[in-house]
Amino acid sequence: MTLAQRLGLAKTPLFLVDGSAYLYRGYHAFRDIARSDGFPTSALFMVFRLLFKLLKEQQPSHLIFFLDGKGPNFRSTIYADYKANREAMPEPLARQIEPLRQGLALLGVPVIVPEGAEADDGIASLAARFRDQMPVVIVGADKDLKQCLSEQVALYDPSGKAERLTTLADFTADCGITPASWPDLQALVGDTSDNIPGIPGIGPKTALELLRRLPTLEAVREGLETVKPTVRQKIAPALAELFTYRELTRLRTDILPDTTLSDAALTPPDRDALRAFLEGYEFRTLAREIPGSPPEAAPKKEPAKSAQLSLFDAPGTAASAPAAPAASAPVAAQAPPAPVALADLPDAAGRALALVPLENGSSLSFGPDEFFVAADPPALAAYLARAKRVAVPSVKALLAAHAAFAALPLPLWFDLGLAAYLLNPEARSYGFDRLRDSLFSDPAVDASTISPSDCARAGALLADTLSARLETAGLTSLVATLELPLIPVLLAMEQAGIGIDREAFASFATEVAGKLAVLEADIVALAGKPFNPRSSQQLGEILYTDLGLKAHGKTPGGAASTSQEALERLAGLHPLVDRILEFRKLEKLRSTYLGPLPTVADGRGRIHTTFNNMATATGRLSSSNPNLQNIPIRGEFGRRMRDCFIAAPGNKLVAADYSQIELRVLAHLSREPALLDAFANGADIHARTAALLFDKEQAAVAPDERRQAKTINFGLLYGMGPQKLSRDLGIKLDVAKAFIARYFERLPGLSAFYDGIVESAKAQGFVTTLAGRRRLLPDIRSANSQLASQARRQAINTVVQGGAADIIKMAMLAAAGDPELARGQATLVLQIHDELLLETPGETAQAAGERLAGLMAGVYPLAVPLEVDWGTGHTWGEAH
DNA sequence: ACAACTCC
DNA sequence: GGAGTTGT
């Protein structure tokens with residue numbers, strides 16, 4: 001049944017397709033789809049499959065495919081943060097745009113790219129303009145499109161398994177407000193994907209309740225006195241911003257003034273060219289759907305369906321010439337590399353900006369991967385060696401680009417990204433472009449003398465600005481003694497990599513795959529109908545709708561949760577539940593570790609991660625591509641997994657980890673006598689806490705009491721709230737509250753320490769760690785109690801987690817610079833927050849372990865001893 | 001983009 | 001509390 005029939009329309013509607021949305025969705029959903037030569041085709045596949053479905057089922061006469069306009073649009077001029085946390089279009093997706101335009105031209109589908117606006121704005125404008133001439137169906141899934149709904153305009157999302165048709169009636173029944181109030185709703189609730197904060201503490205429920213009575217922000221402002229005080233308090237201070245947010249969400253209805261209905265008319269496709277195009281991207285099933293295609297031997301998928309495929313014969317049948325493919329001008333032309341120049345050369349006048357264009361006229365660029373267009377790195381390095389200071393976006397990236405730079409003395413470098421990170425470790429990114437732009441919007445900086453395109457001068461100004469700020473913030477020595485020296489160490493670790501045992505991986509993977517196949521068959525049989533157990537959505541439907549099980553908790557998105565925690569509460573109620581839990585465990589193992597890791601190993605069977613030193617708010621490192629900091633260790637498969645990581649032949653691995661480093665940092669900072677005493681005497685800290693909490697001798701503590709104390713001890717590092725504790729422990733909220741109260745009563749030093757942190761954070765606006773690292777926490781002064789207590793938890797966690805991060809970074813420096821370890825040819829290979837992994841010739845392994853443990857334990861004197869557990873072995877599992 | 005899972 | 005990766 002066509003949509004026209006379902007909607008009771010007399011005419012075939014005009015279809016307006018939110019193309020950009022489907023490109024991204026296809027790109028994300030089928031990341032792995034690519035042509036056999038590796039060219040990514042995921043988004044193309046999604047779009048053409050969608051269009052074929054539409055053309056086939058709906059037989060439209062008019063349809064427009066919209067893409068987002070390039071570059072900044074009017075929204076960023078209203079609000080600088082708009083979509084600020086959205087990255088540029090990923091390169092594999094960008095490469096599909098030109099082919100997409102060609103294919104659409106062959107298909108006869110008109111494409112519109114609204115200039116300075118987004119696809120949604122074009123859709124809203126044309127829907128409003130044409131809806132009186134013919135009914136409109138918007139094809140898309142973006143929730144903001146809901147504001148376009150009217151009697152003549154419906155919203156349709158055919159992608160995915162369950163297609164969705166939303167009409168005005170559906171919307172009204174659902175929300176109880178008119179579509180025109182949608183932007184007002186979003187302004188209140190916020191939208192993370194558009195970086196619209198909304199009002200903290202106001203969710204969809206509160207906002208809808210409000211808007212049903214007062215349907216616009218204006219009405220809310222007028223009737224503010226009638227709003228109940230708890231809500232009013234949250235809204236009142238942000239009233240002005242709310243209007244800005246609404247403008248961002250509100251789609252424009254006044255653009256594309258010159259577009260007429262005839263621009264939306266489909267033209268007949270060039271079937272042969274289209275078929276060749278689809279085959280060229282290896283979309284063989286799609287190609288075969290085009291009438292006149294050779295039936296092809298084997299596949300029995302859709303035998304005689306081509307009879308329905310009159311779609312391509314739509315309105316005027318004549319096989320007229322296809323519209324010319326979009327100009328084949330280089331759409332994806334890369335932005336020209338920013339010319340750079342950041343060396344402060346000694347000069348009579350003080351300094352001259354360097355120029356860095358070299359003899360051959362090439363220049364340095366600041367791309368994350370490529371620093372050189374054509375420059376000769378050794379020549380450049382020699383040139384830079386004459387400088388007093390060289391500022392670069394990322395020293396680590398530069399050193400990684402060519403070994404020649406490693407010869408330059410470390411103090412020469414000024415790392416712009418690192419400086420910006422240390423000044424505010426919560427900013428989104430520290431790329432040069434972002435930093436440069438920030439200069440021009442910073443009221444404290446006079447950037448009037450430089451032009452935005454002059455990267456050389458911008459870079460130098462940035463270096464001056466950041467360096468002065470580091471000084472003011474007391475961060476200079478952190479850079480000089482810890483963060484900068486760590487950079488070559490991290491790079492060396494990345495380059496060393498860690499070996500894997502390919503055979504161990506293979507046999508483990510085979511075993512897991514076998515178990516998964518059995519489980520999946522079982523699961524589907526138990527469910528009674530085919531479904532994908534990887535999909536939480538489908539699983540929720542089976543569990544909570546079909547089987548009628550009771551859901552425990554919801555996801556932030558409002559759906560019934562199928563999380564491990566929720567599922568474990570259902571254990572025993574249905575055999576499906578246990579299998580799903582088992583399936584999830586194995587599937588995670590397969591998809592995250594067993595499958596991908598062997599494929600990223602180099603020719604010598606070693607995996608090289610990237611350690612990011614500007615990623616976390618607390619000063620920890622992070623690891624990515626692949627992440628080697630979350631390799632399983634617990635559970636029945638942990639050991640086996642770590643046994644897949646091995647030393648090179650003749651070598652051994654040494655694993656050394658700090659015991660309870662965060663609790664020790666806490667003991668040190670708080671000087672709480674009970675903690676100091678426990679650690680000084682090598683006591684079991686959790687048992688000791690339990691003894692204190694339950695008023696008994698440590699020897700009399702029951703295992704469950706120890707477990708509870710352990711949960712509290714950990715919760716405490718995270719700033720702990722009674723809610724989370726009661727959930728984790730499975731106890732009532734007031735019991736948890738009483739528990740916490742008693743805890744602080746017995747450990748008064750902690751209580752005082754926490755108060756002190758919060759007080760100083762309030763006074764200064766930031767907290768600092770052992771090494772002087774800082775984190776800004778403006779929210780700690782917020783009148784919004786939710787925000788304030790979140791900031792309070794972050795304050796506590798940052799000094800503890802960040803302090804531990806400082807210590808292990810010092811240990812890494814000590815290990816990397818230690819002559820004894822160097823003599824034994826021991827090299828660092830991994831850091832996992834409280835653990836260091838070293839690879840060393842078998843003969844020196846024992847000595848290296850002892851040495852490493854000694855260095856780690858002695859690197860920073862705390863009020864309690866730092867204990868280090870260590871071991872060696874051929875595999876990582878063994879070394880533990 | 002979200003939900004789920006891994007680690008410390 | 002802090003991360004990264006996978007799947008849909």
# chains A, B, ... in the order shown; residues from 1 in each chain; ligands from 1
call {"tool": "select_by_dssp", "arguments": {"residues": "range 119-263 of chain A", "states": "strand (DSSP E or B)", "output": "ChimeraX atom specification"}}
result
/A:136-139,150,153-157,164-166,191,196
call {"tool": "write_last_selection", "arguments": {"atoms": "C-alpha atoms", "output": "mmCIF file, in the first residue's frame"}}
result
data_model
loop_
_atom_site.group_PDB
_atom_site.id
_atom_site.type_symbol
_atom_site.label_atom_id
_atom_site.label_comp_id
_atom_site.auth_asym_id
_atom_site.auth_seq_id
_atom_site.Cartn_x
_atom_site.Cartn_y
_atom_site.Cartn_z
ATOM 1 C CA VAL A 136 4.036 16.522 0.986
ATOM 2 C CA VAL A 137 5.831 13.588 2.524
ATOM 3 C CA ILE A 138 9.124 14.375 4.207
ATOM 4 C CA VAL A 139 11.470 11.422 4.162
ATOM 5 C CA SER A 150 0.566 19.739 9.145
ATOM 6 C CA VAL A 153 2.608 17.277 5.465
ATOM 7 C CA ALA A 154 3.580 13.883 6.902
ATOM 8 C CA LEU A 155 6.905 12.499 8.020
ATOM 9 C CA TYR A 156 8.120 9.131 6.810
ATOM 10 C CA ASP A 157 11.187 7.116 7.713
ATOM 11 C CA ARG A 164 7.706 4.869 10.564
ATOM 12 C CA LEU A 165 4.972 7.157 9.336
ATOM 13 C CA THR A 166 4.190 10.189 11.472
ATOM 14 C CA ASP A 191 19.981 18.571 22.001
ATOM 15 C CA ILE A 196 22.267 22.948 22.492
#
call {"tool": "residues_around", "arguments": {"residues": "DC2 in chain B", "least_positions_apart": "3", "cutoff": "10 Å", "atoms": "only C-alpha atoms (C1' of nucleotides)", "output": "mmCIF file with C-alpha atoms (C1' of nucleotides), in the first residue's frame"}}
result
data_model
loop_
_atom_site.group_PDB
_atom_site.id
_atom_site.type_symbol
_atom_site.label_atom_id
_atom_site.label_comp_id
_atom_site.auth_asym_id
_atom_site.auth_seq_id
_atom_site.Cartn_x
_atom_site.Cartn_y
_atom_site.Cartn_z
ATOM 1 C CA THR A 555 17.809 4.178 29.121
ATOM 2 C CA PRO A 556 18.474 7.920 29.002
ATOM 3 C CA GLY A 557 16.554 7.858 25.745
ATOM 4 C "C1'" DT C 8 22.344 -0.814 14.928
#
call {"tool": "residues_around", "arguments": {"residues": "Leu539 in chain A", "least_positions_apart": "2", "cutoff": "12 Å", "atoms": "only C-alpha atoms (C1' of nucleotides)", "output": "JSON, numbers by chain"}}
result
{"A": [523, 524, 527, 529, 530, 531, 532, 533, 534, 535, 536, 537, 541, 542, 543, 544, 545, 546, 547, 549, 551, 559, 560, 561, 562, 563, 567, 576, 577, 580, 581, 584], "B": [3], "C": [8]}
call {"tool": "select_by_dssp", "arguments": {"residues": "range 132-205 of chain A", "states": "alpha helix (DSSP H)", "output": "MDAnalysis selection string"}}
result
chainID A and resid 168:175 182:189 204:205
call {"tool": "write_last_selection", "arguments": {"atoms": "N, CA, C and O atoms", "output": "mmCIF file, in the first residue's frame"}}
result
data_model
loop_
_atom_site.group_PDB
_atom_site.id
_atom_site.type_symbol
_atom_site.label_atom_id
_atom_site.label_comp_id
_atom_site.auth_asym_id
_atom_site.auth_seq_id
_atom_site.Cartn_x
_atom_site.Cartn_y
_atom_site.Cartn_z
ATOM 1 N N LEU A 168 0.312 14.477 11.496
ATOM 2 C CA LEU A 168 -0.009 15.512 12.478
ATOM 3 C C LEU A 168 -0.775 14.907 13.657
ATOM 4 O O LEU A 168 -0.513 15.215 14.815
ATOM 5 N N ALA A 169 -1.717 14.007 13.332
ATOM 6 C CA ALA A 169 -2.529 13.397 14.393
ATOM 7 C C ALA A 169 -1.643 12.600 15.353
ATOM 8 O O ALA A 169 -1.825 12.666 16.574
ATOM 9 N N ASP A 170 -0.685 11.865 14.792
ATOM 10 C CA ASP A 170 0.217 11.093 15.648
ATOM 11 C C ASP A 170 0.955 12.015 16.599
ATOM 12 O O ASP A 170 1.100 11.753 17.793
ATOM 13 N N PHE A 171 1.445 13.105 16.011
ATOM 14 C CA PHE A 171 2.244 14.035 16.797
ATOM 15 C C PHE A 171 1.424 14.639 17.928
ATOM 16 O O PHE A 171 1.856 14.686 19.079
ATOM 17 N N THR A 172 0.216 15.069 17.568
ATOM 18 C CA THR A 172 -0.642 15.696 18.572
ATOM 19 C C THR A 172 -0.964 14.712 19.692
ATOM 20 O O THR A 172 -0.909 15.049 20.874
ATOM 21 N N ALA A 173 -1.276 13.484 19.288
ATOM 22 C CA ALA A 173 -1.610 12.480 20.297
ATOM 23 C C ALA A 173 -0.414 12.213 21.203
ATOM 24 O O ALA A 173 -0.550 12.008 22.399
ATOM 25 N N ASP A 174 0.758 12.243 20.602
ATOM 26 C CA ASP A 174 1.982 11.902 21.304
ATOM 27 C C ASP A 174 2.393 12.989 22.291
ATOM 28 O O ASP A 174 2.737 12.721 23.438
ATOM 29 N N CYS A 175 2.397 14.230 21.800
ATOM 30 C CA CYS A 175 2.995 15.312 22.571
ATOM 31 C C CYS A 175 1.961 16.237 23.199
ATOM 32 O O CYS A 175 2.247 16.864 24.226
ATOM 33 N N TRP A 182 7.448 22.896 18.576
ATOM 34 C CA TRP A 182 8.584 21.972 18.669
ATOM 35 C C TRP A 182 9.897 22.692 19.005
ATOM 36 O O TRP A 182 10.624 22.269 19.910
ATOM 37 N N PRO A 183 10.219 23.792 18.304
ATOM 38 C CA PRO A 183 11.481 24.471 18.637
ATOM 39 C C PRO A 183 11.504 24.957 20.080
ATOM 40 O O PRO A 183 12.550 24.931 20.727
ATOM 41 N N ASP A 184 10.365 25.379 20.586
ATOM 42 C CA ASP A 184 10.303 25.813 21.986
ATOM 43 C C ASP A 184 10.631 24.647 22.910
ATOM 44 O O ASP A 184 11.342 24.792 23.904
ATOM 45 N N LEU A 185 10.124 23.478 22.527
ATOM 46 C CA LEU A 185 10.393 22.275 23.314
ATOM 47 C C LEU A 185 11.883 21.940 23.322
ATOM 48 O O LEU A 185 12.485 21.697 24.369
ATOM 49 N N GLN A 186 12.469 21.948 22.123
ATOM 50 C CA GLN A 186 13.881 21.599 22.019
ATOM 51 C C GLN A 186 14.765 22.591 22.772
ATOM 52 O O GLN A 186 15.788 22.222 23.327
ATOM 53 N N ALA A 187 14.355 23.855 22.734
ATOM 54 C CA ALA A 187 15.148 24.867 23.440
ATOM 55 C C ALA A 187 15.205 24.540 24.928
ATOM 56 O O ALA A 187 16.245 24.659 25.563
ATOM 57 N N LEU A 188 14.098 24.088 25.460
ATOM 58 C CA LEU A 188 14.050 23.749 26.884
ATOM 59 C C LEU A 188 14.817 22.473 27.192
ATOM 60 O O LEU A 188 15.567 22.388 28.163
ATOM 61 N N VAL A 189 14.617 21.485 26.338
ATOM 62 C CA VAL A 189 15.155 20.159 26.631
ATOM 63 C C VAL A 189 16.623 20.043 26.233
ATOM 64 O O VAL A 189 17.402 19.357 26.872
ATOM 65 N N PRO A 204 11.995 16.081 28.812
ATOM 66 C CA PRO A 204 10.854 16.176 27.911
ATOM 67 C C PRO A 204 9.521 16.233 28.674
ATOM 68 O O PRO A 204 8.617 16.961 28.269
ATOM 69 N N LYS A 205 9.446 15.488 29.766
ATOM 70 C CA LYS A 205 8.166 15.429 30.467
ATOM 71 C C LYS A 205 7.768 16.791 31.036
ATOM 72 O O LYS A 205 6.663 17.292 30.808
#
call {"tool": "interface_residues", "arguments": {"of": "chain A", "to": "chain B", "cutoff": "7 Å", "atoms": "only C-alpha atoms (C1' of nucleotides)", "output": "PyMOL selection string"}}
result
chain A and resi 563+588+629-632+833
call {"tool": "closest_atom_pairs", "arguments": {"of": "chain A", "to": "chain C", "cutoff": "7 Å", "atoms": "only C-alpha atoms (C1' of nucleotides)", "output": "JSON lines"}}
result
{"residue": "A:Ala29", "atom": "CA", "partner": "C:DT8", "partner_atom": "C1'", "distance": 6.2}
{"residue": "A:Arg534", "atom": "CA", "partner": "C:DG7", "partner_atom": "C1'", "distance": 6.7}
{"residue": "A:Ser535", "atom": "CA", "partner": "C:DT8", "partner_atom": "C1'", "distance": 6.1}
{"residue": "A:Ser591", "atom": "CA", "partner": "C:DT6", "partner_atom": "C1'", "distance": 6.7}
{"residue": "A:Thr592", "atom": "CA", "partner": "C:DT6", "partner_atom": "C1'", "distance": 6.3}
{"residue": "A:Ser622", "atom": "CA", "partner": "C:DA3", "partner_atom": "C1'", "distance": 6.3}
{"residue": "A:Ser624", "atom": "CA", "partner": "C:DG4", "partner_atom": "C1'", "distance": 6.4}
{"residue": "A:Asn627", "atom": "CA", "partner": "C:DG4", "partner_atom": "C1'", "distance": 6.1}
{"residue": "A:Tyr718", "atom": "CA", "partner": "C:DG1", "partner_atom": "C1'", "distance": 4.2}
{"residue": "A:Gln794", "atom": "CA", "partner": "C:DG1", "partner_atom": "C1'", "distance": 6.4}
{"residue": "A:Asn797", "atom": "CA", "partner": "C:DG1", "partner_atom": "C1'", "distance": 5.3}
call {"tool": "residues_around", "arguments": {"residues": "range 674-685 of chain A", "least_positions_apart": "6", "cutoff": "12 Å", "atoms": "only C-alpha atoms (C1' of nucleotides)", "output": "number ranges by chain"}}
result
A: 659-661, 663-668, 691-693, 698-699, 701, 706-707, 709-714, 743-750, 862-867
call {"tool": "atom_distance", "arguments": {"atom1": "CA of Leu100 in chain A", "atom2": "CA of Phe66 in chain A"}}
result
11.9 Å
call {"tool": "atom_distance", "arguments": {"atom1": "CA of Glu835 in chain A", "atom2": "CA of Leu491 in chain A"}}
result
17.7 Å
call {"tool": "decode", "arguments": {"residues": "chain B", "atoms": "N, CA and C atoms (P, O5', C5', C4', C3', O3' and C1' of nucleotides)", "output": "compact mmCIF listing (two decimals), in the first residue's frame"}}
result
# COMPACT_ATOMS: atom_id res chain seq x y z
P DA B 1 25.90 12.97 15.93
O5' DA B 1 24.89 12.01 16.76
C5' DA B 1 23.50 12.31 16.68
C4' DA B 1 22.73 11.37 17.54
C3' DA B 1 23.14 11.35 19.01
O3' DA B 1 21.96 11.09 19.76
C1' DA B 1 23.57 9.25 18.06
P DC B 2 22.03 11.05 21.31
O5' DC B 2 21.86 9.48 21.59
C5' DC B 2 20.67 8.83 21.14
C4' DC B 2 20.84 7.35 21.30
C3' DC B 2 21.18 6.92 22.73
O3' DC B 2 20.19 6.00 23.13
C1' DC B 2 22.60 5.86 21.17
P DA B 3 20.04 5.68 24.65
O5' DA B 3 20.44 4.14 24.68
C5' DA B 3 19.92 3.24 23.71
C4' DA B 3 20.74 1.97 23.76
C3' DA B 3 21.11 1.53 25.18
O3' DA B 3 20.87 0.15 25.27
C1' DA B 3 23.05 1.72 23.87
P DA B 4 20.86 -0.53 26.68
O5' DA B 4 22.23 -1.35 26.67
C5' DA B 4 22.42 -2.38 25.71
C4' DA B 4 23.88 -2.68 25.58
C3' DA B 4 24.59 -2.96 26.92
O3' DA B 4 24.86 -4.37 27.03
C1' DA B 4 25.90 -1.63 25.42
P DC B 5 25.50 -4.92 28.35
O5' DC B 5 27.06 -4.81 28.06
C5' DC B 5 27.64 -5.59 27.02
C4' DC B 5 29.10 -5.22 26.90
C3' DC B 5 29.84 -5.31 28.23
O3' DC B 5 30.86 -6.30 28.18
C1' DC B 5 30.36 -3.31 27.06
P DT B 6 31.57 -6.76 29.52
O5' DT B 6 32.98 -6.02 29.39
C5' DT B 6 33.98 -6.55 28.52
C4' DT B 6 35.09 -5.56 28.36
C3' DT B 6 35.72 -5.06 29.65
O3' DT B 6 36.63 -5.99 30.16
C1' DT B 6 35.41 -3.27 28.14
P DC B 7 37.01 -6.03 31.68
O5' DC B 7 37.94 -4.75 31.83
C5' DC B 7 39.22 -4.76 31.19
C4' DC B 7 39.80 -3.37 31.22
C3' DC B 7 40.07 -2.84 32.62
O3' DC B 7 41.32 -3.31 33.06
C1' DC B 7 39.08 -1.15 31.24
P DC B 8 41.64 -3.29 34.59
O5' DC B 8 41.82 -1.74 34.90
C5' DC B 8 42.95 -1.05 34.35
C4' DC B 8 42.91 0.39 34.80
C3' DC B 8 43.03 0.55 36.30
O3' DC B 8 44.04 1.51 36.58
C1' DC B 8 41.12 1.71 35.52
